[in-house]
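K.L.:
My file is target-v7.txt. It has compact mmCIF, C-alpha atoms and all ligand atoms:
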```txt
# COMPACT_ATOMS: atom_id res chain seq x y z
CA MET A 281 -8.17 172.32 67.17
CA THR A 282 -7.75 169.61 64.60
CA THR A 283 -7.68 170.63 60.98
CA ASP A 284 -8.18 167.14 59.52
CA PRO A 285 -11.91 166.42 59.69
CA GLY A 286 -11.22 162.68 59.18
CA ASP A 287 -13.05 160.15 57.04
CA VAL A 288 -16.71 160.55 56.30
CA ILE A 289 -19.05 159.06 58.88
CA VAL A 290 -22.32 158.38 57.09
CA VAL A 291 -25.76 158.28 58.75
CA VAL A 292 -26.12 154.56 58.21
CA ARG A 293 -24.05 151.86 56.54
CA PRO A 294 -25.98 149.04 54.90
CA LEU A 295 -25.73 145.62 56.51
CA LEU A 296 -23.98 143.35 54.00
CA PRO A 297 -22.98 139.71 54.39
CA PRO A 298 -19.48 138.67 53.24
CA TRP A 299 -19.04 138.62 49.47
CA ALA A 300 -18.58 134.82 49.53
CA VAL A 301 -22.17 134.53 50.77
CA LEU A 302 -23.63 137.35 48.70
CA GLY A 303 -21.81 136.41 45.52
CA ALA A 304 -22.96 132.78 45.79
CA ALA A 305 -26.57 133.91 46.29
CA LEU A 306 -26.41 136.17 43.23
CA GLU A 307 -24.68 133.51 41.14
CA ASP A 308 -27.52 131.09 41.96
CA VAL A 309 -30.02 133.57 40.58
CA VAL A 310 -28.07 134.12 37.38
CA GLN A 311 -27.64 130.37 36.90
CA SER A 312 -31.38 129.85 37.32
CA GLN A 313 -32.07 132.47 34.61
CA ILE A 314 -35.17 133.51 36.54
CA LEU A 315 -34.57 137.18 37.22
CA THR A 316 -37.97 138.55 38.18
CA ASN A 317 -41.78 138.13 37.91
CA ASP A 318 -42.72 136.44 41.16
CA GLY A 319 -39.95 133.87 41.12
CA PRO A 320 -38.92 131.31 43.74
CA ARG A 321 -36.57 133.68 45.62
CA VAL A 322 -39.30 136.26 46.08
CA ARG A 323 -41.58 133.55 47.46
CA ARG A 324 -38.79 132.25 49.70
CA LEU A 325 -38.12 135.73 51.11
CA GLU A 326 -41.84 136.12 51.77
CA ALA A 327 -41.84 132.80 53.64
CA LEU A 328 -38.78 133.81 55.69
CA LEU A 329 -40.25 137.19 56.66
CA SER A 330 -43.64 135.59 57.42
CA ALA A 331 -42.09 132.99 59.69
CA GLU A 332 -39.99 135.52 61.62
CA VAL A 333 -42.86 137.94 62.22
CA GLY A 334 -45.53 135.29 62.65
CA VAL A 335 -47.87 136.71 60.01
CA ALA A 336 -48.91 134.35 57.22
CA ASP A 337 -50.39 137.04 54.96
CA LEU A 338 -47.34 138.87 53.58
CA ALA A 339 -46.29 140.04 50.13
CA VAL A 340 -43.07 141.82 49.19
CA THR A 341 -42.92 144.87 46.91
CA GLY A 342 -40.28 146.92 45.12
CA SER A 343 -40.00 149.44 47.98
CA GLY A 344 -41.45 150.51 51.30
CA THR A 345 -43.20 153.35 49.50
CA THR A 346 -44.96 151.05 47.03
CA ALA A 347 -45.81 148.78 49.98
CA ILE A 348 -47.84 151.68 51.44
CA GLN A 349 -49.33 152.50 48.04
CA LEU A 350 -50.41 148.92 47.39
CA ALA A 351 -51.69 148.48 50.97
CA CYS A 352 -53.98 151.47 50.34
CA ALA A 353 -55.04 150.02 46.96
CA ALA A 354 -55.63 146.55 48.42
CA LEU A 355 -57.86 148.09 51.11
CA ASP A 356 -59.61 150.10 48.38
CA LEU A 357 -59.05 153.35 50.26
CA THR A 358 -60.72 156.40 48.76
CA GLY A 359 -61.57 159.76 50.29
CA GLU A 360 -59.34 160.91 53.13
CA VAL A 361 -56.54 159.05 54.86
CA ILE A 362 -55.24 160.56 58.10
CA VAL A 363 -51.43 160.73 58.25
CA PRO A 364 -48.94 162.33 60.67
CA ALA A 365 -47.76 165.85 59.80
CA ALA A 366 -44.16 165.02 60.77
CA ALA A 367 -43.33 162.00 58.63
CA PHE A 368 -41.17 160.96 55.74
CA PRO A 369 -42.74 162.27 52.47
CA ALA A 370 -43.18 158.69 51.17
CA ILE A 371 -46.28 158.21 53.33
CA ALA A 372 -48.36 161.04 51.85
CA GLN A 373 -46.95 160.40 48.37
CA ALA A 374 -48.05 156.76 48.52
CA VAL A 375 -51.57 157.73 49.66
CA LEU A 376 -51.84 160.20 46.77
CA ARG A 377 -50.62 157.59 44.25
CA ALA A 378 -53.24 155.20 45.57
CA GLY A 379 -55.92 157.76 44.75
CA ALA A 380 -56.83 159.00 48.23
CA THR A 381 -56.23 162.36 49.94
CA PRO A 382 -53.75 162.46 52.81
CA VAL A 383 -54.91 164.66 55.69
CA ALA A 384 -52.01 165.64 57.94
CA VAL A 385 -52.56 165.93 61.68
CA ASP A 386 -50.24 166.82 64.54
CA ILE A 387 -47.94 164.45 66.42
CA GLU A 388 -47.34 163.80 70.12
CA ASP A 389 -44.51 165.76 71.63
CA THR A 390 -42.91 162.91 73.59
CA TYR A 391 -42.85 160.01 71.14
CA LEU A 392 -43.19 161.95 67.86
CA THR A 393 -45.98 159.60 66.74
CA ILE A 394 -49.41 160.71 65.49
CA ASP A 395 -51.51 162.39 68.20
CA PRO A 396 -54.71 160.35 68.82
CA GLU A 397 -56.61 163.49 69.88
CA ALA A 398 -55.70 165.18 66.61
CA VAL A 399 -56.76 162.04 64.73
CA ARG A 400 -60.11 161.97 66.53
CA ALA A 401 -60.72 165.63 65.66
CA ALA A 402 -59.88 165.03 61.99
CA ILE A 403 -62.29 162.12 61.38
CA THR A 404 -64.99 163.04 58.85
CA PRO A 405 -67.52 160.93 56.94
CA ARG A 406 -64.94 160.87 54.13
CA THR A 407 -62.18 159.35 56.28
CA SER A 408 -61.37 155.86 54.97
CA ALA A 409 -58.36 154.92 57.14
CA ILE A 410 -55.80 156.00 59.70
CA LEU A 411 -52.23 155.60 58.43
CA ALA A 412 -49.93 156.01 61.43
CA VAL A 413 -46.16 155.67 61.54
CA HIS A 414 -44.03 154.02 64.22
CA THR A 415 -41.61 156.93 64.10
CA PHE A 416 -37.95 155.84 64.21
CA GLY A 417 -39.27 152.46 65.37
CA CYS A 418 -41.09 153.91 68.39
CA PRO A 419 -44.63 152.49 68.55
CA ALA A 420 -47.52 154.84 67.89
CA ASP A 421 -50.29 154.91 70.51
CA VAL A 422 -51.75 151.64 69.25
CA ASP A 423 -54.57 151.36 71.85
CA GLU A 424 -56.02 154.84 71.31
CA LEU A 425 -55.69 154.57 67.54
CA ARG A 426 -57.37 151.15 67.61
CA ALA A 427 -60.30 152.56 69.58
CA ILE A 428 -60.68 155.52 67.18
CA ALA A 429 -60.48 153.31 64.09
CA ASP A 430 -63.02 150.83 65.51
CA ALA A 431 -65.43 153.60 66.51
CA ALA A 432 -65.22 155.01 62.98
CA GLY A 433 -65.37 151.56 61.37
CA ILE A 434 -62.19 152.15 59.34
CA PRO A 435 -58.92 150.23 59.04
CA LEU A 436 -55.83 151.12 61.03
CA VAL A 437 -52.67 150.88 58.94
CA PHE A 438 -49.16 151.25 60.32
CA ASP A 439 -46.15 152.29 58.32
CA ALA A 440 -43.68 150.13 60.23
CA ALA A 441 -40.93 150.79 57.66
CA THR A 442 -38.10 150.82 60.21
CA CYS A 443 -39.50 148.31 62.70
CA TRP A 444 -37.72 145.07 61.87
CA GLY A 445 -36.54 143.43 65.12
CA ILE A 446 -38.53 145.75 67.41
CA GLY A 447 -41.06 144.29 69.81
CA TYR A 448 -43.90 145.87 71.74
CA ARG A 449 -45.63 144.26 74.70
CA GLY A 450 -44.21 140.87 73.88
CA ARG A 451 -44.80 140.65 70.15
CA PRO A 452 -43.29 142.09 66.99
CA LEU A 453 -44.33 145.70 66.37
CA LEU A 454 -45.07 144.64 62.78
CA ARG A 455 -48.04 142.65 64.07
CA TYR A 456 -49.99 145.72 65.17
CA GLY A 457 -52.63 147.33 62.97
CA ASP A 458 -55.00 145.75 60.49
CA VAL A 459 -52.26 146.09 57.91
CA ALA A 460 -48.60 147.03 58.39
CA THR A 461 -45.94 147.91 55.86
CA LEU A 462 -42.19 147.39 56.01
CA SER A 463 -39.31 148.90 54.04
CA LEU A 464 -36.41 146.72 52.93
CA HIS A 465 -34.36 149.66 51.70
CA ALA A 466 -30.58 149.48 52.14
CA THR A 467 -30.73 152.06 54.95
CA LYS A 468 -32.97 149.85 57.10
CA LEU A 469 -31.77 147.25 59.61
CA THR A 470 -32.56 144.36 57.28
CA HIS A 471 -32.93 145.00 53.56
CA SER A 472 -32.95 143.74 49.99
CA VAL A 473 -31.17 146.88 48.61
CA GLU A 474 -34.58 148.16 47.48
CA GLY A 475 -37.75 146.49 48.67
CA GLY A 476 -40.70 146.46 51.00
CA ALA A 477 -43.51 144.28 52.29
CA VAL A 478 -47.20 144.46 53.15
CA LEU A 479 -48.43 142.41 56.10
CA GLY A 480 -52.07 141.56 56.60
CA ASN A 481 -52.56 141.24 60.34
CA THR A 482 -56.37 141.15 60.45
CA ARG A 483 -57.13 141.71 56.76
CA THR A 484 -56.12 139.43 53.90
CA VAL A 485 -54.14 141.64 51.56
CA ALA A 486 -51.17 139.60 50.28
CA ALA A 487 -52.98 138.09 47.29
CA ALA A 488 -54.26 141.52 46.24
CA VAL A 489 -50.78 143.04 46.66
CA ARG A 490 -49.24 140.27 44.53
CA ARG A 491 -51.72 141.09 41.80
CA LEU A 492 -51.36 144.87 42.10
CA ARG A 493 -47.56 144.76 42.04
CA ASN A 494 -47.73 143.01 38.66
CA PHE A 495 -49.89 145.56 36.78
CA GLY A 496 -53.00 144.25 38.50
CA THR A 497 -53.39 141.60 35.84
CA GLY A 498 -55.86 138.78 36.39
CA ARG A 499 -58.45 136.63 34.69
CA GLU A 500 -61.07 139.40 34.76
CA GLY A 501 -58.61 141.93 33.33
CA ALA A 502 -56.05 144.35 34.74
CA LEU A 503 -56.89 146.62 37.68
CA ALA A 504 -56.45 150.36 37.10
CA SER A 505 -54.74 150.58 40.51
CA GLY A 506 -52.10 148.09 39.39
CA THR A 507 -48.52 149.11 38.78
CA ASN A 508 -45.06 147.64 38.51
CA ALA A 509 -43.94 147.28 42.11
CA ARG A 510 -42.25 143.91 41.84
CA MET A 511 -39.13 142.76 43.65
CA SER A 512 -36.52 141.11 41.44
CA GLU A 513 -35.01 137.72 42.20
CA LEU A 514 -31.62 139.36 42.70
CA HIS A 515 -33.07 141.67 45.32
CA ALA A 516 -34.90 138.80 47.01
CA ALA A 517 -31.70 136.74 47.14
CA VAL A 518 -29.86 139.64 48.80
CA GLY A 519 -32.83 140.06 51.14
CA ALA A 520 -32.58 136.46 52.35
CA ALA A 521 -28.80 136.66 52.80
CA VAL A 522 -29.00 139.94 54.77
CA LEU A 523 -31.88 138.65 56.89
CA ALA A 524 -29.65 135.83 58.15
CA ASP A 525 -27.40 138.48 59.73
CA ALA A 526 -30.17 140.71 61.11
CA GLY A 527 -30.15 139.13 64.57
CA ALA A 528 -26.45 139.90 65.03
CA GLU A 529 -27.02 143.44 63.73
CA ILE A 530 -29.76 143.98 66.34
CA GLU A 531 -27.27 142.94 69.06
CA ARG A 532 -24.59 145.28 67.72
CA ARG A 533 -26.99 148.21 67.39
CA THR A 534 -28.23 147.66 70.94
CA ALA A 535 -24.64 147.95 72.17
CA VAL A 536 -23.93 151.04 70.04
CA ARG A 537 -27.09 152.71 71.35
CA GLN A 538 -25.94 152.14 74.94
CA LEU A 539 -22.56 153.73 74.16
CA TYR A 540 -24.43 156.71 72.68
CA LEU A 541 -26.70 157.05 75.73
CA ASP A 542 -23.65 157.16 78.00
CA ALA A 543 -21.71 159.60 75.81
CA LEU A 544 -24.60 161.95 75.06
CA ALA A 545 -25.19 162.48 78.78
CA GLU A 546 -22.19 164.85 78.52
CA ILE A 547 -23.96 167.14 76.01
CA PRO A 548 -26.42 169.31 77.95
CA TRP A 549 -28.36 170.69 74.95
CA LEU A 550 -29.22 167.42 73.31
CA ARG A 551 -30.77 164.16 74.46
CA PRO A 552 -31.92 160.92 72.87
CA CYS A 553 -35.59 160.88 71.90
CA ASP A 554 -37.93 159.03 74.25
CA PHE A 555 -38.93 155.48 73.37
CA ARG A 556 -42.29 154.13 74.49
CA PRO A 557 -42.10 151.82 77.55
CA ASP A 558 -42.54 148.09 76.86
CA ALA A 559 -41.06 148.56 73.39
CA GLY A 560 -37.61 147.70 72.14
CA PRO A 561 -34.85 147.33 71.35
CA ALA A 562 -34.62 150.85 69.89
CA VAL A 563 -32.48 149.78 66.97
CA ALA A 564 -34.01 151.68 64.03
CA ALA A 565 -32.11 154.97 64.34
CA MET A 566 -30.47 157.36 66.80
CA PRO A 567 -32.86 160.33 66.91
CA VAL A 568 -32.03 163.16 69.30
CA ARG A 569 -33.96 166.16 70.53
CA LEU A 570 -32.32 169.57 70.79
CA ALA A 571 -33.11 171.76 73.79
CA ASP A 572 -34.70 175.19 73.23
CA ASP A 573 -31.42 176.86 74.22
CA ALA A 574 -29.27 174.60 72.01
CA PRO A 575 -26.56 176.43 70.00
CA VAL A 576 -28.05 174.98 66.78
CA ASN A 577 -31.37 173.80 65.39
CA ALA A 578 -31.76 170.43 63.66
CA GLU A 579 -30.79 171.69 60.22
CA SER A 580 -27.85 173.80 61.37
CA LEU A 581 -26.68 170.87 63.50
CA CYS A 582 -26.52 168.76 60.33
CA ARG A 583 -24.54 171.52 58.56
CA ALA A 584 -22.19 171.93 61.52
CA LEU A 585 -21.54 168.17 61.73
CA LEU A 586 -20.86 168.10 58.01
CA THR A 587 -17.85 170.38 58.58
CA HIS A 588 -16.54 167.50 60.72
CA ASN A 589 -17.29 165.05 57.88
CA ILE A 590 -20.17 163.61 59.86
CA HIS A 591 -23.59 163.10 58.29
CA ALA A 592 -26.80 163.62 60.25
CA ARG A 593 -30.40 164.09 59.09
CA ALA A 594 -33.26 166.38 60.07
CA TYR A 595 -36.02 164.22 58.59
CA PHE A 596 -38.92 166.53 59.52
CA ALA A 597 -37.27 169.73 58.26
CA GLY A 598 -37.55 171.72 55.04
CA GLN A 599 -36.26 169.46 52.31
CA TYR A 600 -38.47 166.54 53.37
CA ARG A 601 -41.68 168.55 53.74
CA ILE A 602 -44.52 168.53 51.23
CA HIS A 603 -45.95 172.02 51.53
CA SER A 604 -49.10 171.34 49.52
CA LEU A 605 -50.37 168.72 51.98
CA HIS A 606 -53.86 169.26 53.34
CA GLN A 607 -53.76 169.79 57.11
CA ALA A 608 -56.74 169.19 59.36
CA GLY A 609 -55.59 172.02 61.64
CA PRO A 610 -52.47 173.67 63.02
CA THR A 611 -49.56 171.31 63.75
CA PRO A 612 -47.39 173.12 66.32
CA ARG A 613 -45.69 169.97 67.60
CA ALA A 614 -44.78 168.76 64.11
CA ASP A 615 -43.42 172.25 63.36
CA ARG A 616 -41.35 172.03 66.53
CA ALA A 617 -40.04 168.58 65.61
CA ALA A 618 -38.84 170.03 62.30
CA LYS A 619 -36.62 172.38 64.31
CA ASN A 620 -35.41 170.15 67.11
CA ILE A 621 -35.23 166.52 65.94
CA ALA A 622 -32.22 165.08 64.12
CA CYS A 623 -30.77 161.61 63.60
CA LEU A 624 -27.09 160.89 64.36
CA PRO A 625 -24.97 158.25 62.57
CA PHE A 626 -26.15 154.83 63.69
CA TRP A 627 -25.47 151.26 62.59
CA GLY A 628 -24.10 148.14 64.20
CA GLY A 629 -20.59 148.54 62.85
CA LEU A 630 -20.16 152.12 64.11
CA SER A 631 -16.87 151.90 65.98
CA GLU A 632 -16.12 153.39 69.38
CA GLY A 633 -13.63 155.68 67.61
CA GLN A 634 -16.29 156.93 65.20
CA LEU A 635 -18.75 157.42 68.04
CA ALA A 636 -16.10 159.38 69.95
CA ARG A 637 -15.65 161.60 66.88
CA VAL A 638 -19.40 162.32 66.76
CA VAL A 639 -19.39 163.24 70.44
CA ALA A 640 -16.24 165.38 70.05
CA ALA A 641 -17.89 167.22 67.16
CA LEU A 642 -21.01 167.85 69.27
CA THR A 643 -18.81 169.11 72.09
CA ALA A 644 -17.03 171.46 69.68
CA ILE A 645 -20.40 172.74 68.48
CA SER A 646 -21.35 173.43 72.13
CA ARG A 647 -18.42 175.82 72.39
CA ARG A 648 -19.34 177.81 69.30
CA PRO A 649 -21.46 180.92 69.45
CA ALA A 650 -25.03 180.24 68.35
CA LEU A 651 -25.29 179.36 64.67
CA VAL A 652 -28.53 180.83 63.50
CA GLY A 653 -30.16 179.27 60.53
C1 LIG A 701 -37.68 154.33 54.60
C2 LIG A 701 -39.05 154.73 54.95
C3 LIG A 701 -40.08 154.74 53.98
C4 LIG A 701 -39.80 154.50 52.53
O1 LIG A 701 -39.32 153.23 52.26
P1 LIG A 701 -38.56 152.99 50.85
O2 LIG A 701 -38.25 151.54 50.89
O3 LIG A 701 -37.34 153.85 50.84
O4 LIG A 701 -39.52 153.36 49.76
C5 LIG A 701 -41.36 155.04 54.39
N1 LIG A 701 -41.64 155.35 55.67
C6 LIG A 701 -40.69 155.37 56.61
C7 LIG A 701 -41.05 155.70 58.02
C8 LIG A 701 -39.37 155.08 56.29
O5 LIG A 701 -38.42 155.12 57.24
```
Re-express the file's structure as structure tokens.
P.N.:
Amino acid sequence: MTTDPGDVIVVVRPLLPPWAVLGAALEDVVQSQILTNDGPRVRRLEALLSAEVGVADLAVTGSGTTAIQLACAALDLTGEVIVPAAAFPAIAQAVLRAGATPVAVDIEDTYLTIDPEAVRAAITPRTSAILAVHTFGCPADVDELRAIADAAGIPLVFDAATCWGIGYRGRPLLRYGDVATLSLHATKLTHSVEGGAVLGNTRTVAAAVRRLRNFGTGREGALASGTNARMSELHAAVGAAVLADAGAEIERRTAVRQLYLDALAEIPWLRPCDFRPDAGPAVAAMPVRLADDAPVNAESLCRALLTHNIHARAYFAGQYRIHSLHQAGPTPRADRAAKNIACLPFWGGLSEGQLARVVAALTAISRRPALVG
């Protein structure tokens, strides 16, 4: 037994270019004296993201959450918006801020994405959109959701917050859905410290988002749905510098994931979550599923790892759940995911030594009597 738990291993370390690069980018902004309000660096970051994804209609925002909020506002969504019951709280919060009512429906067991059958059952005359999430970068069932949205005559929106660098059937996952949103938060593969983007795949939304993010001001007056959701020039400059390193980070994360897959094969009560075929690389996170007879549940796993100075997250469990959310029906699979899904530390710079420590901690937890909690 070791008594020294070692240095802290966080869930994710932000990708940061060398200070020489970052400092020069920030100095440029300061020299220009243009700090915010739709400046040239914001427009340049939009052009860079557009070119990489292949979507011309793209506007950045202050966060991934405001990207969802402004996507809803740009599409003029009212009434009910169907969302997955197991999802980061930002999704339902953004729908509420945009003035619509989120209706939570169950997820699929295998891929943890919204269950098309549950969506179909929840459609009412008041439904104005389906807002699905590519959970941990795993594509939602895009074909079924497309068919349901088309039959109902409503837009299909994807929260693709974590999907930078992930492809599906030969094109970027961000290109699916009428509108998709991205987060550029520091915990995501590529980021601008805080930031997000709205992508209009089949709808033109960028111009509306640019107006809405700046209090909705315009010649005919200010829109009530406007807000301050701008990205600063400093953030945009960081965003462009980090983006230049994103390709290398995708390579590193792909290698780290493979090391995890090999190592986790030794832990009988836990396995990596499934990733939809024809999608990849699975570089957004390292989600794992606990077996029914595991010695811990997702939350107690996080607590147990913390005693080893290792951070993990149970994103569908208690602290992330909005209890007042309207549910279309029971959500047994989302409830199950709250108990058995957790994310392990994962980023490109995670060393083999750190990974070995995570696996050793999991092995130690295997040997403990069941921790109930
Ligand atoms: C990170 C994340 C968000 C929120 O993005 P922020 O930039 O932190 O506001 C929303 N949805 C999902 C799935 C996320 O992973």
K.L.:
What separation in Å, quoted to one decimal, exists between atom CA of A:Val413 and atom CA of A:Asp395?
P.N.:
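Interatomic distance, atom CA of A:Val413 to atom CA of A:Asp395: 10.9 Å.
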K.L.:
For a test of reading the model, state the distance in Å between atom CA of A:Leu550 and atom CA of A:Leu462, rounded to one decimal.
P.N.:
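Here the two named atoms are 29.5 Å from each other.
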K.L.:
Could the residues that lie within 9 Å of ligand LIG 701 (chain A), counting all atoms listed in the file, be listed as a PyMOL selection string?
P.N.:
chain A and resi 342-348+367-371+413-417+439-443+461-468+471+473-476+564
K.L.:
Each side padded by 5 Å, which centre and which edge lengths in Å (one decimal) define the axis-aligned box around the listed atoms of stretch 517-529 of chain A? Give them as AutoDock Vina command-line options.
P.N.:
```
--center_x -29.6 --center_y 139.6 --center_z 56.1 --size_x 16.4 --size_y 17.6 --size_z 27.9
```
K.L.:
With distances taken over all atoms listed in the file, which residue among A:Val375, A:Val459, A:Leu586, A:Ile428 lies nearest A:Pro396?
P.N.:
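Looking at the shortest contact to A:Pro396, the residue is A:Ile428.
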K.L.:
Out of A:Ile645, A:Ala488, A:Val437, A:Leu630, which residue has the shortest atom-to-atom distance to A:Arg293 when counting all atoms listed in the file?
P.N.:
A:Leu630
K.L.:
Between atom CA of A:Trp444 and atom CA of A:Thr341, what is the distance, to one decimal in Å?
P.N.:
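Value for the atom CA of A:Trp444-atom CA of A:Thr341 distance: 15.8 Å.
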